[in-house]
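One structure is given here, and the rest of the page talks about it.
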Amino acid sequence: MTDKSYNKPVPEPTPDSRPFWDSLASGRLSFQKCGACGVIRHYPRPMCSACHSMATEWVEASGRGKVHSWTVTHHAFNPGFRDELPMVLATVDMEERVRMNAQLRGVDPASLTIGLPVRVDYEQVREGLTLPFMRVDRPG
Amino acid sequence: MSLREVGIISGIGETAYSRNSGKSVLALQLEAALLAIRDAGLSPRDIDGVLPYGSAVVAEDFITNFGIADLRFSATTPLGGASCVAGIQAALAAIKAGICKHVLLPLGRNGASGTRIAARVQEMPQFHLVGEFEMPIGALAPVQYYAPMARRHMEMYGTTSRQFGEIASSTRGNAILHGNAIMTKPMTIEDHQASRMISDPFRLLDCSLESDGAAAIVVSSADYARDLRSRPVHVMGVAEGHPDSPSAITQRPDLTTLGLAKAAPKAFRMAGVTPADIDVAEIYDCFTYIVLCQLEDAGFCKKGEGGPFVESGAIRLGGKLPVNTHGGLLSQAHMAGMNHVVELVRQLRGEAGATQVADAELGVVTGYGDMGDGAIAVMRRG
C-alpha cells in the first residue's frame with residue numbers, strides 16, 4: 001500500500017509518544033512505566049499522575065486483555081473506513097491495568113460480552129505506521 | 001463565600017433555528033445577543049462582560065458591533081457543551097468580584113450548513129489524545145466515543161435501547177408543542193427502534209441535530225432584579241465538574257460516571273435544595289444516554305436506575321420531572337445547551353407556552369461537553 005492510497009487519519013507522534021509508535025512498528029506493544037514509582041500508564045504523557053515524576057521507562061506489554069465495553073460502528077464517518085463496516089471498536093482492560101481502544105476483528109458482534117478475553121495483533125497499514133488491533137483470545 | 005443569589009438571568013434571546021441560516025455566525029450571534037440584551041431592558045453598550053463560546057466569534061466582535069466603550073471582562077469556558085452553564089459560574093464570579101454587572105453569554109453556529117461535528121472535533125485541542133490514539137483506528141466522531149459508556153451502562157444495569165427511545169420520543173413531543181424547533185414530526189419508541197444504527201447502541205434517533213442559529217443570555221448582578229421588567233430568575237447554585245481522565249473516555253476508571261457527578265452536589269448544597277425539590281430540568285442531550293446518565297449523576301435517581309426512571313414517564317410533561325420542555329438538542333436545535341438555559345428561564349418566568357410546567361418554581365439546567373465535562377445551575381423564579 002502506498003502512502004497516496006492511504007486515506008485514513010494518521011497519528012502525529014510527540015516526543016512523549018514516539019516510543020509507543022516505534023514499538024508497534026517492530027511488532028510489540030509497549031506502555032510507559034514511571035521511573036520512580038513503577039505505575040504503568042496509557043495514553044503516553046510526560047508525567048506520572050501518582051507521584052509526579054517525569055522519569056519514564058517503557059515496558060513491553062503482554063498484549064492480553066479483557067473487553068470492558070465496545071461499540072459497533074455502522075456509519076462511515078470517513079470514506080477510508082467504509083469497507084470495514086460494521087466495525088467493532090473495543091475498550092479493553094489490559095493485563096497491565098491500563099486500557100486500550102482498538103478494532104476487535106473476527107468476532108460476531110452478538111457474542112460480545114464484558115470480560116471476553118482478547119489478544120493484540122498488528123497490521124502495517126502504510127510505510128512507517130503499524131496499528132494494533134484485537135482478536136478474540138481463544139484458549140489453546 | 002458562595003455564588004448563591006449573586007446574580008440573575010436578566011435576558012434571553014434566540015434566533016429561528018434551521019439547517020441553512022444563510023447568515024454568518026457573527027450575524028446570528030449578534031441577533032440573539034441583541035434580543036437578550038433588549039429582553040433585559042438594557043442597551044448593548046451596557047454590556048461590560050462577554051463570554052464567547054469557542055473561537056468563532058470573539059469579544060472584540062461584540063465591542064466592535066455594539067460600540068462598547070469599556071468592556072471590563074472577557075473569558076471563555078472551554079468545556080464543550082458544558083461551556084454555557086460553566087459560563088454562568090464564571091460570569092457570577094466576575095460579578096461577585098465587582099468587575100462587571102451585565103455579562104453577555106452568546107452562542108451561535110452554522111452547525112448544519114457549515115463544518116460538521118466529526119470534522120470539528122479533529123481540530124479541537126481537548127481531543128488531542130483521541131486524535132492520536134483513537135482516530136487512526138476509526139473512532140472519529142463523538143457518537144463513537146460515547147457509545148461504549150452507554151454499552152457499559154446497559155451491560156452493568158440492564159438499561160435498554162427502548163429506554164433511550166423514551167427519551168427521544170418524549171423530547172420530540174415537547175419540540176412539536178414548543179414551536180421554534182427543527183424536528184416537527186411525531187416520534188414513537190417504535191420509530192426510534194426502527195431508525196438505522198450509527199454506532200451501537202446509538203441509533204440515528206439517539207443522536208442530536210446539527211443546526212444553524214443562535215441563543216444568548218445576559219447574566220446580571222442580583223441588585224438589577226428590582227429594575228427588571230420581566231420576572232427575575234435567580235441563580236441559587238452553580239458548579240462545573242471534570243471527570244476522571246477528562247481527555248480520554250477509554251482510560252476512565254468508571255465509564256458510567258460523568259463530570260456532573262462532582263458538580264451536582266456542590267450546586268445543590270450552594271442552593272440549599274435537593275433534587276427532589278426540582279420542578280423542571282433542562283438536561284444536556286447530545287445523545288439520549290447522556291440524559292439518562294446525567295439524571296443519575298445529578299441525583300434525580302440512583303446510579304443504574306436511569307432506565308426505569310425514564311420508563312416510568314417521569315420526564316414527560318405532567319411527569320415527576322419534566323425534562324427538555326423545548327425539545328433539546330435532540331429535536332429543537334443543537335445550540336450547545338444555550339437553548340436549555342433560555343428554556344429554563346422561560347419556564348421559571350411562566351412564559352413557556354404549550355410546554356409550561358404548572359407552577360414551576362425551581363429548575364435546573366445542565367451542560368455536558370467534550371469527554372464528559374459537566375456543569376449545572378439551580379435557579380428559582382423571583
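Residues are referred to by chain and number: the chain letter is A, B, ... according to the order shown in the C-alpha cells, the number counts from 1 in that chain, and ligands are numbered separately from 1 in the order shown.
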
Interface residues on chain B facing chain A, 12 Å, only C-alpha atoms, written as a PyMOL selection string: chain B and resi 116-119+122+128-156+196-204+244-245+247-256

From the DSSP assignment of the backbone, select every residue of stretch 310-380 of chain B that is helix (DSSP H, G or I), and format the answer as a PDB file with N, CA and C atoms, in the first residue's frame.
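Result file is result_9.pdb:
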```pdb
ATOM      1  N   VAL B 310     -36.808   6.867  33.525  1.00  0.00           N
ATOM      2  CA  VAL B 310     -37.413   7.469  32.326  1.00  0.00           C
ATOM      3  C   VAL B 310     -38.587   6.626  31.829  1.00  0.00           C
ATOM      4  N   GLU B 311     -38.477   5.323  31.963  1.00  0.00           N
ATOM      5  CA  GLU B 311     -39.540   4.423  31.504  1.00  0.00           C
ATOM      6  C   GLU B 311     -40.853   4.664  32.257  1.00  0.00           C
ATOM      7  N   GLY B 328     -34.896  20.224  23.260  1.00  0.00           N
ATOM      8  CA  GLY B 328     -33.482  19.921  23.442  1.00  0.00           C
ATOM      9  C   GLY B 328     -32.646  19.927  22.169  1.00  0.00           C
ATOM     10  N   LEU B 329     -31.452  19.358  22.311  1.00  0.00           N
ATOM     11  CA  LEU B 329     -30.562  19.221  21.148  1.00  0.00           C
ATOM     12  C   LEU B 329     -31.052  18.115  20.233  1.00  0.00           C
ATOM     13  N   LEU B 330     -31.865  17.221  20.802  1.00  0.00           N
ATOM     14  CA  LEU B 330     -32.343  16.079  20.019  1.00  0.00           C
ATOM     15  C   LEU B 330     -33.383  16.498  18.991  1.00  0.00           C
ATOM     16  N   SER B 331     -34.222  17.483  19.351  1.00  0.00           N
ATOM     17  CA  SER B 331     -35.333  17.800  18.448  1.00  0.00           C
ATOM     18  C   SER B 331     -35.569  19.289  18.221  1.00  0.00           C
ATOM     19  N   GLN B 332     -35.073  20.163  19.136  1.00  0.00           N
ATOM     20  CA  GLN B 332     -35.257  21.592  18.852  1.00  0.00           C
ATOM     21  C   GLN B 332     -34.124  22.065  17.940  1.00  0.00           C
ATOM     22  N   MET B 338     -27.170  26.322  25.149  1.00  0.00           N
ATOM     23  CA  MET B 338     -27.651  27.662  25.487  1.00  0.00           C
ATOM     24  C   MET B 338     -29.171  27.706  25.357  1.00  0.00           C
ATOM     25  N   ASN B 339     -29.710  26.904  24.423  1.00  0.00           N
ATOM     26  CA  ASN B 339     -31.170  26.839  24.305  1.00  0.00           C
ATOM     27  C   ASN B 339     -31.798  26.201  25.549  1.00  0.00           C
ATOM     28  N   HIS B 340     -31.037  25.374  26.266  1.00  0.00           N
ATOM     29  CA  HIS B 340     -31.545  24.805  27.522  1.00  0.00           C
ATOM     30  C   HIS B 340     -31.652  25.890  28.596  1.00  0.00           C
ATOM     31  N   VAL B 341     -30.653  26.766  28.648  1.00  0.00           N
ATOM     32  CA  VAL B 341     -30.690  27.844  29.647  1.00  0.00           C
ATOM     33  C   VAL B 341     -31.863  28.778  29.341  1.00  0.00           C
ATOM     34  N   VAL B 342     -32.004  29.132  28.065  1.00  0.00           N
ATOM     35  CA  VAL B 342     -33.104  30.004  27.639  1.00  0.00           C
ATOM     36  C   VAL B 342     -34.448  29.393  28.052  1.00  0.00           C
ATOM     37  N   GLU B 343     -34.596  28.091  27.804  1.00  0.00           N
ATOM     38  CA  GLU B 343     -35.878  27.437  28.116  1.00  0.00           C
ATOM     39  C   GLU B 343     -36.138  27.396  29.623  1.00  0.00           C
ATOM     40  N   LEU B 344     -35.099  27.156  30.415  1.00  0.00           N
ATOM     41  CA  LEU B 344     -35.331  27.120  31.866  1.00  0.00           C
ATOM     42  C   LEU B 344     -35.821  28.485  32.357  1.00  0.00           C
ATOM     43  N   VAL B 345     -35.228  29.536  31.818  1.00  0.00           N
ATOM     44  CA  VAL B 345     -35.658  30.883  32.225  1.00  0.00           C
ATOM     45  C   VAL B 345     -37.126  31.098  31.830  1.00  0.00           C
ATOM     46  N   ARG B 346     -37.493  30.679  30.630  1.00  0.00           N
ATOM     47  CA  ARG B 346     -38.897  30.801  30.213  1.00  0.00           C
ATOM     48  C   ARG B 346     -39.826  30.063  31.169  1.00  0.00           C
ATOM     49  N   GLN B 347     -39.419  28.843  31.528  1.00  0.00           N
ATOM     50  CA  GLN B 347     -40.244  28.045  32.444  1.00  0.00           C
ATOM     51  C   GLN B 347     -40.434  28.761  33.779  1.00  0.00           C
ATOM     52  N   LEU B 348     -39.344  29.325  34.301  1.00  0.00           N
ATOM     53  CA  LEU B 348     -39.426  29.930  35.638  1.00  0.00           C
ATOM     54  C   LEU B 348     -40.097  31.295  35.602  1.00  0.00           C
ATOM     55  N   ARG B 349     -40.144  31.909  34.417  1.00  0.00           N
ATOM     56  CA  ARG B 349     -40.926  33.137  34.275  1.00  0.00           C
ATOM     57  C   ARG B 349     -42.407  32.836  34.048  1.00  0.00           C
ATOM     58  N   GLY B 353     -45.365  28.771  27.379  1.00  0.00           N
ATOM     59  CA  GLY B 353     -46.417  28.416  26.414  1.00  0.00           C
ATOM     60  C   GLY B 353     -46.936  26.995  26.598  1.00  0.00           C
ATOM     61  N   ALA B 354     -47.012  26.271  25.480  1.00  0.00           N
ATOM     62  CA  ALA B 354     -47.667  24.953  25.485  1.00  0.00           C
ATOM     63  C   ALA B 354     -46.925  23.928  26.331  1.00  0.00           C
ATOM     64  N   THR B 355     -45.644  24.130  26.583  1.00  0.00           N
ATOM     65  CA  THR B 355     -44.920  23.157  27.411  1.00  0.00           C
ATOM     66  C   THR B 355     -44.641  23.701  28.819  1.00  0.00           C
TER      67      THR B 355
END
```

Can you work out the spacing between atom CA of A:Val39 and atom CA of B:Ala261 in Å, to one decimal? 26.8 Å

What's the 7 Å shell around B:Leu26, counting only C-alpha atoms, without same-chain residues fewer than 3 positions away, as a PDB file with all heavy atoms, in the first residue's frame?
```pdb
ATOM      1  N   GLN B  29     -25.137  35.463  16.029  1.00  0.00           N
ATOM      2  CA  GLN B  29     -24.875  35.723  17.451  1.00  0.00           C
ATOM      3  C   GLN B  29     -25.286  37.139  17.839  1.00  0.00           C
ATOM      4  O   GLN B  29     -25.833  37.350  18.932  1.00  0.00           O
ATOM      5  CB  GLN B  29     -23.399  35.488  17.782  1.00  0.00           C
ATOM      6  CG  GLN B  29     -23.003  34.019  17.669  1.00  0.00           C
ATOM      7  CD  GLN B  29     -21.741  33.676  18.436  1.00  0.00           C
ATOM      8  OE1 GLN B  29     -21.253  34.452  19.251  1.00  0.00           O
ATOM      9  NE2 GLN B  29     -21.209  32.492  18.184  1.00  0.00           N
ATOM     10  N   LEU B  30     -25.037  38.088  16.964  1.00  0.00           N
ATOM     11  CA  LEU B  30     -25.436  39.473  17.271  1.00  0.00           C
ATOM     12  C   LEU B  30     -26.952  39.579  17.366  1.00  0.00           C
ATOM     13  O   LEU B  30     -27.480  40.293  18.234  1.00  0.00           O
ATOM     14  CB  LEU B  30     -24.898  40.428  16.197  1.00  0.00           C
ATOM     15  CG  LEU B  30     -23.377  40.656  16.211  1.00  0.00           C
ATOM     16  CD1 LEU B  30     -22.943  41.394  14.951  1.00  0.00           C
ATOM     17  CD2 LEU B  30     -22.946  41.423  17.461  1.00  0.00           C
ATOM     18  N   VAL B  57     -16.362  33.448  17.197  1.00  0.00           N
ATOM     19  CA  VAL B  57     -16.685  34.855  17.406  1.00  0.00           C
ATOM     20  C   VAL B  57     -16.034  35.241  18.723  1.00  0.00           C
ATOM     21  O   VAL B  57     -16.121  34.504  19.707  1.00  0.00           O
ATOM     22  CB  VAL B  57     -18.221  35.063  17.477  1.00  0.00           C
ATOM     23  CG1 VAL B  57     -18.547  36.483  17.889  1.00  0.00           C
ATOM     24  CG2 VAL B  57     -18.861  34.741  16.126  1.00  0.00           C
TER      25      VAL B  57
END
```

Based on the backbone DSSP call, show me all residues of stretch 13-112 of chain A assigned strand (DSSP E), as a ChimeraX atom specification. /A:30-34,40-41,56-60,64-73,87-94,99-105
